There are 4 protein chains.
Amino acid sequence: MAEALVLEEKGKLSLRDIALPDALGAEDVRIAVDVVGVCGSDVHYYTHGKIGPFVVEQPMVLGHEASGHITEVGSAVTNLAVGDRVCMEPGIPNTRSKAAKLGVYNVDPAVRFWATPPVHGCLTPSVVHPAAFTYKLPDNVSFAEGAMVEPFAIGMQAAAKARIKPGDVALVTGAGPIGVMTAIAALAGGCAKVYISDLVEEKLAVAAQYDNVEPVLIPRDNPADTLRAATDGWGADVVFECVGAATSIHTALEAAAPAGCVVWVGMPVDPVPFDLVLAQSKELRMETVFRYANMYERAIALLGSGKVDLKPLISQTFAFKDSVAAFDRAVEARPTDVKIQIKIGAV
Amino acid sequence: MAEALVLEEKGKLSLRDIALPDALGAEDVRIAVDVVGVCGSDVHYYTHGKIGPFVVEQPMVLGHEASGHITEVGSAVTNLAVGDRVCMEPGIPNTRSKAAKLGVYNVDPAVRFWATPPVHGCLTPSVVHPAAFTYKLPDNVSFAEGAMVEPFAIGMQAAAKARIKPGDVALVTGAGPIGVMTAIAALAGGCAKVYISDLVEEKLAVAAQYDNVEPVLIPRDNPADTLRAATDGWGADVVFECVGAATSIHTALEAAAPAGCVVWVGMPVDPVPFDLVLAQSKELRMETVFRYANMYERAIALLGSGKVDLKPLISQTFAFKDSVAAFDRAVEARPTDVKIQIKIGAV
Amino acid sequence: MAEALVLEEKGKLSLRDIALPDALGAEDVRIAVDVVGVCGSDVHYYTHGKIGPFVVEQPMVLGHEASGHITEVGSAVTNLAVGDRVCMEPGIPNTRSKAAKLGVYNVDPAVRFWATPPVHGCLTPSVVHPAAFTYKLPDNVSFAEGAMVEPFAIGMQAAAKARIKPGDVALVTGAGPIGVMTAIAALAGGCAKVYISDLVEEKLAVAAQYDNVEPVLIPRDNPADTLRAATDGWGADVVFECVGAATSIHTALEAAAPAGCVVWVGMPVDPVPFDLVLAQSKELRMETVFRYANMYERAIALLGSGKVDLKPLISQTFAFKDSVAAFDRAVEARPTDVKIQIKIGAV
Amino acid sequence: MAEALVLEEKGKLSLRDIALPDALGAEDVRIAVDVVGVCGSDVHYYTHGKIGPFVVEQPMVLGHEASGHITEVGSAVTNLAVGDRVCMEPGIPNTRSKAAKLGVYNVDPAVRFWATPPVHGCLTPSVVHPAAFTYKLPDNVSFAEGAMVEPFAIGMQAAAKARIKPGDVALVTGAGPIGVMTAIAALAGGCAKVYISDLVEEKLAVAAQYDNVEPVLIPRDNPADTLRAATDGWGADVVFECVGAATSIHTALEAAAPAGCVVWVGMPVDPVPFDLVLAQSKELRMETVFRYANMYERAIALLGSGKVDLKPLISQTFAFKDSVAAFDRAVEARPTDVKIQIKIGAV
């Protein structure tokens with residue numbers, strides 16, 4: 001039995017003891033969890049009880065953005081040692097599956113992902129995890145930053161899929177947490193400049209702290225005109241669509257340059273009207289992302305080198321005992337909130 | 001003045017004399033046109049008077065799928081000589097444009113394309129064309145096959161965009177002319193097997209003549225189940241959507257394998273409902289095609305080597321004097337009709 | 001104890017009983033071996049006792065090109081059943097390694113590969129193998145062809161690395177077994193035509209059986225002139241160098257087209273003089289291959305569809321009891337010998 | 001007649017009047033040259049009278065790294081106007097050639113390149129150039145920086161060819177001007193960190209001014225050990241070899257990670273011994289660069305956004321009248337010299 005933040009059912013959270021698996025396999029490590037970030041998906045399970053086909057049917061521990069330190073290593077583990085400061089990749093594929101052999105383990109249908117029903121998450125003081133999906137943090141990367149690697153990895157996956165060429169000009173639609181992370185990843189990943197657009201001026205303020213990330217407040221009407229003007233009429237080499245709404249999706253197609261790329265990051269709830277001929281007339285390439293694969297080491301390298309700084313995105317930190325309050329704040333997030341974290345570790 | 005097949009206005013064709021530009025520039029060649037294929041777009045201008053934003057507002061010569069032989073060369077032409085048998089790429093970009101410098105001259109906004117208003121086409125006995133967009137035919141490739149290079153180049157562009165890996169399994173939705181050409185290109189371009197699906201059994205008969213192109217008659221309900229079964233449930237590595245209808249577009253997303261690719265070839269008239277999350281859940285790459293660039297030499301190499309045989313796709317050949325009848329037959333095309341050609345040359 | 005072909009030491013082979021591991025893990029299958037091909041590396045261990053850093057220091061079973069049928073499955077195996085006809089990928093990586101997670105499990109330093117010291121090979125009637133590296137054969141692919149998948153996978157890896165575009169013209173230097181397999185893979189993988197060159201006319205005869213594989217007998221002096229002439233002076237889009245000798249390596253660079261690709265398949269024993277500036281002046285891309293990854297399913301798909309026929313490459317088949325004779329024949333191989341196989345299975 | 005820096009013959013420079021072509025074509029612009037950088041190739045023509053097959057056989061104006069402002073535009077020019085501040089791409093291809101159509105105009109055999117015999121360079125107050133190869137400078141990019149675009153474009157081409165993934169770790173061998181430019185381009189182009197190695201400590205000082213460019217002083221013996229240690233033993237994802245000497249070339253192969261990439265930038269005078277098997281054992285991809293194509297706009301975007309700062313690399317500026325002295329200083333360059341420029345413009 002261990003204390004954990006349990007989603008009992010839609011709308012009901014408890015911080016209580018629950019029985020969790022804790023057997024340590026030969027290739028596993030045991031980790032004292034230090035920081036866990038609150039993700040939009042955690043909040044959505046709390047408020048809606050489900051995401052698409054994934055329905056919370058029994059009490060489930062939330063949380064999947066985590067860092068901590070190793071307290072025990074399995075008998076076959078050679079790359080990690082007790083005391084190592086780490087962050088953890090929350091999805092565990094079958095590494096012998098067809099998808100995993102191809103290097104795209106994120107689309108292995110058998111992936112088990114923290115806090116995706118019926119798999120428990122990591123908002124609890126100690127977890128067991130495969131060493132192969134546990135990554136060492138450099139000394140200069142804090143636990144708080146380590147817990148940011150998970151959401152940043154999504155931006156990294158988007159940037160990697162775009163196959164940015166050095167000096168590309170990118171546009172990110174939507175200045176929410178994922179939009180901002182994607183903008184930072186795209187800039188670090190080779191763009192000369194990244195425009196980021198939103199309808200809400202306050203949300204742009206966070207992104208505006210970053211050099212070469214240029215906020216663009218767009219009107220509801222003809223936002224594409226505003227955006228194309230920003231690129232001298234040619235359009236953006238890469239557009240990252242991070243809203244998932246129909247108008248934004250259309251804007252993304254309009255704002256892309258001939259032979260450019262659109263990366264579909266935002267997830268619309270329902271099918272959207274899509275102007276395929278518009279994409280064809282510019283012969284756009286379109287990429288999609290599903291979580292990430294092989295991005296943790298890259299994200300950590302960027303944090304460790306100092307090229308990427310995610311600290312400005314950590315809006316609030318709550319103590320573990322205040323986890324429910326943390327979620328309630330996340331439900332009522334303000335435009336300038338980016339990431340709320342929960343601190344479990346002692347210091 | 002030269003005789004030509006002129007679309008006077010929507011619904012009205014004449015074979016009559018018309019003044020056409022015929023000045024031969026230093027980098028141009030003059031070509032005696034031998035065979036011109038009738039394309040769906042020619043037919044659509046005939047029946048509708050427009051395609052999207054392109055409206056026939058004055059008499060326009062039709063035709064853009066052409067072969068012939070050189071009768072005169074400009075002073076700076078070195079790669080072609082009088083008597084050479086050739087086929088012609090109908091779109092002429094500004095080769096100094098940004099798009100052309102990038103190697104994607106097909107998306108140069110300044111492209112002038114035969115039989116796209118207000119540019120005249122080539123259904124006339126003699127045309128002037130830039131040598132750089134005129135390609136020699138091998139001796140074993142007939143004029144009739146040479147006139148097939150243009151539509152086949154679309155299939156080639158689709159196959160090239162897919163970045164087929166040797167041994168991929170592909171699916172083509174829609175067994176019309178472009179679907180069949182795409183299937184042939186995909187097979188020649190590296191696929192182990194290409195499934196081609198249609199609702200109409202007779203249309204599949206043409207494709208079925210090709211080894212390793214496997215026709216699949218699909219039901220209107222749940223066509224994706226039928227198609228996934230054909231690939232052991234994993235899905236197709238590449239799907240070429242060649243219908244452009246909403247149901248077929250959804251089927252394409254359903255039938256693609258995890259981390260697979262969908263190439264959008266078919267052009268829906270209006271925006272279609274699009275299940276972006278379905279694409280994201282498999283992390284699909286999606287490519288679009290707009291005509292073609294740098295495909296003529298590749299297409300000709302495949303015809304010349306004998307690896308590709310397009311002769312079975314030539315359904316009927318009309319004499320130049322019967323050009324109007326050729327178009328009327330094309331308007332009333334039967335399911336087994338693929339390509340109707342018009343023979344202008346003497347022999 | 002099981003009967004096996006054992007390399008006792010350099011130059012000494014015995015068909016004798018030897019203790020081999022035979023524990024069946026949960027994710028393993030047991031396979032009755034039917035056919036094993038003799039590879040140049042097996043022969044080289046026999047004649048030299050080592051390959052580079054890999055030295056035979058204790059008796060080792062030879063053989064790694066194998067097919068057979070399943071006789072037992074581990075408790076966690078779901079994709080294979082007793083009786084399935086299969087072929088086996090001889091290299092087993094740690095699927096949780098960094099390289100394997102990236103999809104390039106072939107370069108995992110921890111790979112264990114059959115018949116590479118100190119790992120035993122498969123020239124014995126029964127082997128245990130991970131189900132994830134055991135692949136079902138279609139009904140129309142014989143065990144003899146199944147045992148060809150391993151060497152063909154090398155050609156497939158080379159073709160995949162080349163990123164062939166549909167209609168490319170390729171050149172393969174060297175008409176030995178790997179050269180011919182590579183030519184077949186390149187042709188199936190999208191080339192319009194594949195030239196294959198050799199100094200020895202008889203070796204070209206085998207390749208000449210394949211449509212669109214065009215043999216080129218080259219002179220010792222200036223072979224590149226002969227080869228460039230075959231491609232109208234432009235050069236080959238892709239060159240697969242399959243000899244590994246200094247002159248052939250230079251010829252490969254000379255014969256490649258501007259912005260073309262050279263795939264280095266042949267392995268020179270020592271460092272070779274290399275004209276890097278020649279490669280730079282054409283801005284060549286150069287790829288290398290180390291065995292293969294994710295190629296078995298692709299190779300089997302091509303065999304199953306009939307697009308690739310490897311039967312003409314099977315020169316001789318010896319009974320298991322004549323295994324030593326098979327190796328002695330391989331040592332004295334004639335120019336027209338391609339693949340010698342050993343039949344272990346009853347029928 | 002115009003004043004120009006003329007290389008009369010090997011070892012002899014004059015600043016004198018010379019007849020230069022100055023007809024302005026419809027698609028050309030006339031440019032008042034402001035700054036011209038001195039390139040190693042200019043210096044090499046001065047000291048050796050030739051580079052490889054390019055021999056100075058008659059007086060030739062030197063210089064090809066230039067910026068200036070437009071003084072006249074041809075009748076068909078629409079993208080530039082009198083007064084525009086610009087820099088110029090020194091190689092002019094035939095944009096209708098096969099290579100140019102493919103987007104690799106840099107390998108068009110017909111390219112005419114400034115200061116490559118017999119083509120005159122731009123060390124003269126006014127030049128005529130095609131508008132399509134003349135690029136506007138943003139207001140915040142000085143003429144001096146504009147003249148740095150040419151050498152930086154080589155680093156950009158190398159970075160683009162590497163296909164850097166966000167967060168890659170790179171190694172540059174050689175801290176000369178091209179090495180440093182390549183390191184800067186690789187970092188801006190997506191690397192988390194770039195190690196740059198040299199045998200000479202003073203040369204590393206220039207690179208050390210840049211964040212995340214980490215200088216590594218290497219010993220003559222076993223430099224690869226030092227370099228692999230810098231990447232935790234895995235090796236660099238990308239190695240840019242910028243020396244062109246045999247030992248450095250071998251080090252590059254040793255320091256690359258499994259499945260990594262080596263970009264060959266340095267040009268060895270003669271063929272070098274090359275350990276192809278070492279490359280194969282890690283399945284390295286190897287890219288080469290020949291000048292650049294489509295890199296000017298990208299380089300300018302990086303300068304304009306402030307993400308790249310090349311000002312620290314400008315070591316000295318000489319007046320036009322002191323051009324010969326500028327070259328003599330370049331011949332005797334000190335380890336900390338990077339770029340010497342000549343100022344022609346008034347202010």
# chains A, B, ... in the order shown; residues from 1 in each chain; ligands from 1

call {"tool": "interface_residues", "arguments": {"of": "chain C", "to": "chain A", "cutoff": "12 Å", "atoms": "only C-alpha atoms", "output": "compact mmCIF listing (two decimals) with all heavy atoms, in the first residue's frame"}}
result
# COMPACT_ATOMS: atom_id res chain seq x y z
N GLU C 27 9.50 -16.41 -24.86
CA GLU C 27 9.31 -15.69 -26.13
C GLU C 27 10.06 -16.35 -27.29
O GLU C 27 10.26 -15.74 -28.33
CB GLU C 27 9.78 -14.25 -25.96
CG GLU C 27 8.93 -13.47 -24.95
CD GLU C 27 9.34 -12.02 -24.82
OE1 GLU C 27 10.54 -11.76 -24.59
OE2 GLU C 27 8.46 -11.15 -24.96
N ASP C 28 10.47 -17.63 -27.07
CA ASP C 28 11.24 -18.34 -28.09
C ASP C 28 10.38 -19.36 -28.83
O ASP C 28 9.30 -19.73 -28.38
CB ASP C 28 12.40 -19.12 -27.44
CG ASP C 28 13.47 -18.19 -26.86
OD1 ASP C 28 13.60 -17.05 -27.36
OD2 ASP C 28 14.15 -18.60 -25.91
N ALA C 76 4.78 -17.39 -24.19
CA ALA C 76 4.30 -16.04 -24.49
C ALA C 76 4.21 -15.77 -25.99
O ALA C 76 3.93 -14.64 -26.41
CB ALA C 76 5.24 -15.01 -23.85
N VAL C 77 4.46 -16.78 -26.80
CA VAL C 77 4.48 -16.57 -28.26
C VAL C 77 3.06 -16.61 -28.81
O VAL C 77 2.32 -17.57 -28.56
CB VAL C 77 5.35 -17.63 -28.95
CG1 VAL C 77 5.23 -17.52 -30.47
CG2 VAL C 77 6.80 -17.49 -28.51
N THR C 78 2.69 -15.58 -29.55
CA THR C 78 1.34 -15.53 -30.10
C THR C 78 1.31 -15.48 -31.62
O THR C 78 0.30 -15.78 -32.22
CB THR C 78 0.60 -14.26 -29.58
OG1 THR C 78 1.38 -13.12 -29.94
CG2 THR C 78 0.41 -14.31 -28.07
N ASN C 79 2.44 -15.09 -32.20
CA ASN C 79 2.40 -14.87 -33.66
C ASN C 79 2.82 -16.09 -34.47
O ASN C 79 2.78 -16.07 -35.69
CB ASN C 79 3.30 -13.68 -34.02
CG ASN C 79 4.76 -13.93 -33.67
OD1 ASN C 79 5.07 -14.54 -32.63
ND2 ASN C 79 5.66 -13.49 -34.53
N ILE C 92 20.64 -11.48 -33.07
CA ILE C 92 19.67 -11.18 -32.01
C ILE C 92 20.21 -10.02 -31.18
O ILE C 92 21.20 -10.16 -30.46
CB ILE C 92 19.45 -12.39 -31.10
CG1 ILE C 92 19.14 -13.64 -31.95
CG2 ILE C 92 18.31 -12.12 -30.12
CD1 ILE C 92 19.08 -14.91 -31.13
N PRO C 93 19.57 -8.86 -31.28
CA PRO C 93 20.01 -7.70 -30.50
C PRO C 93 19.38 -7.72 -29.12
O PRO C 93 18.45 -8.49 -28.86
CB PRO C 93 19.46 -6.53 -31.30
CG PRO C 93 18.16 -7.05 -31.84
CD PRO C 93 18.42 -8.51 -32.15
N ASN C 94 19.85 -6.86 -28.26
CA ASN C 94 19.13 -6.51 -27.05
C ASN C 94 18.09 -5.49 -27.47
O ASN C 94 18.43 -4.35 -27.81
CB ASN C 94 20.09 -5.91 -26.02
CG ASN C 94 19.34 -5.35 -24.82
OD1 ASN C 94 18.11 -5.42 -24.74
ND2 ASN C 94 20.09 -4.78 -23.89
N THR C 95 16.83 -5.87 -27.48
CA THR C 95 15.81 -4.97 -28.04
C THR C 95 15.55 -3.76 -27.15
O THR C 95 14.79 -2.87 -27.52
CB THR C 95 14.48 -5.70 -28.28
OG1 THR C 95 14.01 -6.24 -27.05
CG2 THR C 95 14.65 -6.81 -29.31
N ARG C 96 16.18 -3.71 -25.97
CA ARG C 96 16.04 -2.52 -25.13
C ARG C 96 17.26 -1.60 -25.22
O ARG C 96 17.37 -0.62 -24.49
CB ARG C 96 15.82 -2.94 -23.67
CG ARG C 96 14.48 -3.67 -23.50
CD ARG C 96 14.15 -3.90 -22.04
NE ARG C 96 12.71 -4.08 -21.91
CZ ARG C 96 12.04 -3.92 -20.77
NH1 ARG C 96 12.68 -3.57 -19.68
NH2 ARG C 96 10.74 -4.10 -20.74
N SER C 97 18.18 -1.92 -26.11
CA SER C 97 19.39 -1.09 -26.23
C SER C 97 19.06 0.23 -26.94
O SER C 97 18.03 0.37 -27.59
CB SER C 97 20.44 -1.84 -27.04
OG SER C 97 20.01 -1.95 -28.39
N LYS C 98 19.97 1.16 -26.83
CA LYS C 98 19.79 2.45 -27.49
C LYS C 98 19.62 2.28 -29.00
O LYS C 98 18.71 2.86 -29.61
CB LYS C 98 21.00 3.34 -27.20
CG LYS C 98 20.92 4.69 -27.90
CD LYS C 98 21.91 5.69 -27.31
CE LYS C 98 21.78 7.03 -28.04
NZ LYS C 98 22.55 8.10 -27.38
N ALA C 99 20.47 1.47 -29.61
CA ALA C 99 20.38 1.27 -31.06
C ALA C 99 19.05 0.63 -31.43
O ALA C 99 18.39 1.05 -32.40
CB ALA C 99 21.54 0.42 -31.55
N ALA C 100 18.63 -0.37 -30.68
CA ALA C 100 17.38 -1.05 -31.02
C ALA C 100 16.20 -0.10 -30.87
O ALA C 100 15.29 -0.10 -31.71
CB ALA C 100 17.19 -2.28 -30.13
N LYS C 101 16.19 0.70 -29.83
CA LYS C 101 15.09 1.66 -29.68
C LYS C 101 15.02 2.62 -30.86
O LYS C 101 13.96 3.09 -31.25
CB LYS C 101 15.23 2.43 -28.37
CG LYS C 101 14.82 1.60 -27.14
CD LYS C 101 15.29 2.23 -25.84
CE LYS C 101 14.65 3.56 -25.57
NZ LYS C 101 15.25 4.21 -24.38
N LEU C 102 16.17 2.91 -31.45
CA LEU C 102 16.23 3.81 -32.60
C LEU C 102 15.81 3.13 -33.91
O LEU C 102 15.72 3.77 -34.95
CB LEU C 102 17.64 4.38 -32.77
CG LEU C 102 18.07 5.41 -31.71
CD1 LEU C 102 19.58 5.61 -31.77
CD2 LEU C 102 17.35 6.73 -31.92
N GLY C 103 15.62 1.82 -33.87
CA GLY C 103 15.23 1.10 -35.08
C GLY C 103 16.41 0.58 -35.88
O GLY C 103 16.23 0.05 -36.97
N VAL C 104 17.59 0.70 -35.34
CA VAL C 104 18.79 0.22 -36.04
C VAL C 104 19.46 -0.86 -35.18
O VAL C 104 20.61 -0.76 -34.80
CB VAL C 104 19.77 1.37 -36.36
CG1 VAL C 104 19.23 2.22 -37.49
CG2 VAL C 104 20.02 2.26 -35.13
N TYR C 105 18.67 -1.90 -34.93
CA TYR C 105 19.14 -2.93 -34.00
C TYR C 105 20.35 -3.67 -34.55
O TYR C 105 21.07 -4.32 -33.80
CB TYR C 105 18.00 -3.89 -33.63
CG TYR C 105 17.35 -4.62 -34.78
CD1 TYR C 105 17.97 -5.69 -35.42
CD2 TYR C 105 16.07 -4.27 -35.22
CE1 TYR C 105 17.34 -6.37 -36.45
CE2 TYR C 105 15.44 -4.93 -36.26
CZ TYR C 105 16.08 -6.00 -36.86
OH TYR C 105 15.47 -6.65 -37.89
N ASN C 106 20.59 -3.56 -35.84
CA ASN C 106 21.76 -4.22 -36.43
C ASN C 106 23.07 -3.62 -35.94
O ASN C 106 24.10 -4.30 -35.95
CB ASN C 106 21.71 -4.17 -37.96
CG ASN C 106 21.49 -2.78 -38.51
OD1 ASN C 106 20.79 -1.96 -37.91
ND2 ASN C 106 22.09 -2.48 -39.64
N PRO C 130 14.42 -16.55 -30.87
CA PRO C 130 13.33 -15.66 -30.44
C PRO C 130 12.24 -15.57 -31.51
O PRO C 130 12.54 -15.40 -32.70
CB PRO C 130 14.01 -14.29 -30.28
CG PRO C 130 15.48 -14.57 -30.24
CD PRO C 130 15.70 -15.83 -30.99
N ALA C 131 11.01 -15.67 -31.08
CA ALA C 131 9.90 -15.57 -32.03
C ALA C 131 9.93 -14.24 -32.79
O ALA C 131 9.55 -14.17 -33.96
CB ALA C 131 8.57 -15.71 -31.28
N ALA C 132 10.42 -13.19 -32.14
CA ALA C 132 10.41 -11.87 -32.79
C ALA C 132 11.37 -11.80 -33.98
O ALA C 132 11.26 -10.88 -34.79
CB ALA C 132 10.78 -10.79 -31.77
N PHE C 133 12.28 -12.75 -34.07
CA PHE C 133 13.23 -12.75 -35.19
C PHE C 133 13.07 -14.01 -36.05
O PHE C 133 14.00 -14.45 -36.70
CB PHE C 133 14.65 -12.56 -34.67
CG PHE C 133 14.85 -11.20 -34.05
CD1 PHE C 133 14.62 -10.98 -32.71
CD2 PHE C 133 15.16 -10.11 -34.86
CE1 PHE C 133 14.74 -9.71 -32.15
CE2 PHE C 133 15.28 -8.84 -34.32
CZ PHE C 133 15.07 -8.63 -32.96
N THR C 134 11.85 -14.55 -36.01
CA THR C 134 11.49 -15.73 -36.80
C THR C 134 10.28 -15.35 -37.64
O THR C 134 9.32 -14.80 -37.11
CB THR C 134 11.15 -16.90 -35.85
OG1 THR C 134 12.27 -17.15 -34.98
CG2 THR C 134 10.81 -18.17 -36.62
N TYR C 135 10.33 -15.59 -38.94
CA TYR C 135 9.35 -15.03 -39.87
C TYR C 135 8.67 -16.14 -40.68
O TYR C 135 9.35 -17.00 -41.24
CB TYR C 135 10.03 -14.05 -40.83
CG TYR C 135 10.73 -12.93 -40.09
CD1 TYR C 135 12.03 -13.09 -39.63
CD2 TYR C 135 10.06 -11.74 -39.80
CE1 TYR C 135 12.67 -12.08 -38.93
CE2 TYR C 135 10.69 -10.72 -39.09
CZ TYR C 135 12.01 -10.90 -38.66
OH TYR C 135 12.64 -9.90 -37.95
N TYR C 292 21.64 -5.95 -41.80
CA TYR C 292 20.30 -5.48 -42.17
C TYR C 292 19.47 -5.35 -40.91
O TYR C 292 19.78 -5.92 -39.86
CB TYR C 292 19.63 -6.49 -43.13
CG TYR C 292 19.96 -7.89 -42.71
CD1 TYR C 292 19.38 -8.47 -41.58
CD2 TYR C 292 20.94 -8.63 -43.39
CE1 TYR C 292 19.75 -9.72 -41.14
CE2 TYR C 292 21.33 -9.88 -42.95
CZ TYR C 292 20.72 -10.43 -41.82
OH TYR C 292 21.11 -11.66 -41.37
N ALA C 293 18.44 -4.58 -41.01
CA ALA C 293 17.43 -4.49 -39.94
C ALA C 293 16.08 -4.30 -40.59
O ALA C 293 15.96 -3.53 -41.56
CB ALA C 293 17.74 -3.30 -39.01
N ASN C 294 15.09 -5.00 -40.09
CA ASN C 294 13.71 -4.87 -40.59
C ASN C 294 13.58 -5.18 -42.07
O ASN C 294 12.74 -4.60 -42.77
CB ASN C 294 13.19 -3.45 -40.31
CG ASN C 294 13.09 -3.15 -38.83
OD1 ASN C 294 12.43 -3.86 -38.10
ND2 ASN C 294 13.78 -2.10 -38.38
N MET C 295 14.40 -6.10 -42.58
CA MET C 295 14.34 -6.42 -44.00
C MET C 295 13.70 -7.78 -44.29
O MET C 295 13.34 -8.05 -45.43
CB MET C 295 15.76 -6.40 -44.60
CG MET C 295 16.32 -5.00 -44.78
SD MET C 295 15.32 -4.02 -45.95
CE MET C 295 15.36 -2.43 -45.10
N TYR C 296 13.58 -8.65 -43.28
CA TYR C 296 13.07 -9.99 -43.57
C TYR C 296 11.64 -9.97 -44.12
O TYR C 296 11.33 -10.62 -45.11
CB TYR C 296 13.17 -10.86 -42.31
CG TYR C 296 14.42 -11.71 -42.30
CD1 TYR C 296 15.68 -11.13 -42.43
CD2 TYR C 296 14.35 -13.09 -42.19
CE1 TYR C 296 16.83 -11.90 -42.43
CE2 TYR C 296 15.49 -13.88 -42.20
CZ TYR C 296 16.72 -13.29 -42.32
OH TYR C 296 17.86 -14.05 -42.34
N GLU C 297 10.77 -9.21 -43.48
CA GLU C 297 9.38 -9.18 -43.95
C GLU C 297 9.28 -8.63 -45.37
O GLU C 297 8.48 -9.08 -46.17
CB GLU C 297 8.52 -8.36 -42.99
CG GLU C 297 8.30 -9.09 -41.67
CD GLU C 297 7.43 -8.30 -40.70
OE1 GLU C 297 7.61 -7.07 -40.64
OE2 GLU C 297 6.59 -8.91 -40.03

call {"tool": "select_by_dssp", "arguments": {"residues": "segment 71-280 of chain D", "states": "strand (DSSP E or B)", "output": "ChimeraX atom specification"}}
result
/D:71-73,85-88,91-92,112-113,116,119,126-130,134-136,169-173,193-198,213-217,236-241,256-264,272-274

call {"tool": "residues_around", "arguments": {"residues": "segment 213-223 of chain A", "least_positions_apart": "6", "cutoff": "8 Å", "atoms": "only C-alpha atoms", "output": "tab-separated table (two decimals) with C-alpha atoms, in the first residue's frame"}}
result
chain	number	residue	atom	x	y	z
A	183	ALA	CA	7.87	26.69	-30.54
A	184	ILE	CA	10.86	26.28	-28.24
A	187	LEU	CA	13.66	27.13	-32.52
A	193	LYS	CA	12.44	32.36	-36.22
A	194	VAL	CA	9.18	30.95	-34.93
A	195	TYR	CA	5.96	32.91	-35.08
A	196	ILE	CA	3.37	31.83	-32.57
A	197	SER	CA	-0.22	32.94	-32.97
A	198	ASP	CA	-3.18	33.12	-30.65
A	199	LEU	CA	-6.45	34.95	-30.33
A	200	VAL	CA	-5.72	35.77	-26.66
A	201	GLU	CA	-3.06	38.35	-26.01
A	204	LEU	CA	1.24	35.16	-25.99
A	205	ALA	CA	3.09	36.79	-23.13
A	207	ALA	CA	6.04	32.74	-25.45
A	251	THR	CA	-5.35	28.70	-41.18

call {"tool": "select_by_dssp", "arguments": {"residues": "segment 174-246 of chain A", "states": "helix (DSSP H, G or I)", "output": "number ranges by chain"}}
result
A: 177-188, 201-207, 223-230, 246

call {"tool": "residues_around", "arguments": {"residues": "Val308 of chain C", "least_positions_apart": "4", "cutoff": "7 Å", "atoms": "only C-alpha atoms", "output": "PyMOL selection string"}}
result
chain C and resi 188+302-303

call {"tool": "residues_around", "arguments": {"residues": "Gly167 of chain A", "least_positions_apart": "5", "cutoff": "6 Å", "atoms": "only C-alpha atoms", "output": "mmCIF file with N, CA and C atoms, in the first residue's frame"}}
result
data_model
loop_
_atom_site.group_PDB
_atom_site.id
_atom_site.type_symbol
_atom_site.label_atom_id
_atom_site.label_comp_id
_atom_site.auth_asym_id
_atom_site.auth_seq_id
_atom_site.Cartn_x
_atom_site.Cartn_y
_atom_site.Cartn_z
ATOM 1 N N CYS A 191 15.130 26.315 -36.514
ATOM 2 C CA CYS A 191 14.467 27.447 -37.165
ATOM 3 C C CYS A 191 15.207 28.750 -36.876
ATOM 4 N N ALA A 192 15.125 29.670 -37.847
ATOM 5 C CA ALA A 192 15.670 31.008 -37.621
ATOM 6 C C ALA A 192 14.721 31.815 -36.752
ATOM 7 N N ARG D 298 18.358 31.228 -46.151
ATOM 8 C CA ARG D 298 18.404 30.641 -44.803
ATOM 9 C C ARG D 298 19.471 31.314 -43.944
ATOM 10 N N LEU D 302 18.922 33.645 -40.482
ATOM 11 C CA LEU D 302 19.574 33.408 -39.188
ATOM 12 C C LEU D 302 20.337 34.640 -38.714
#
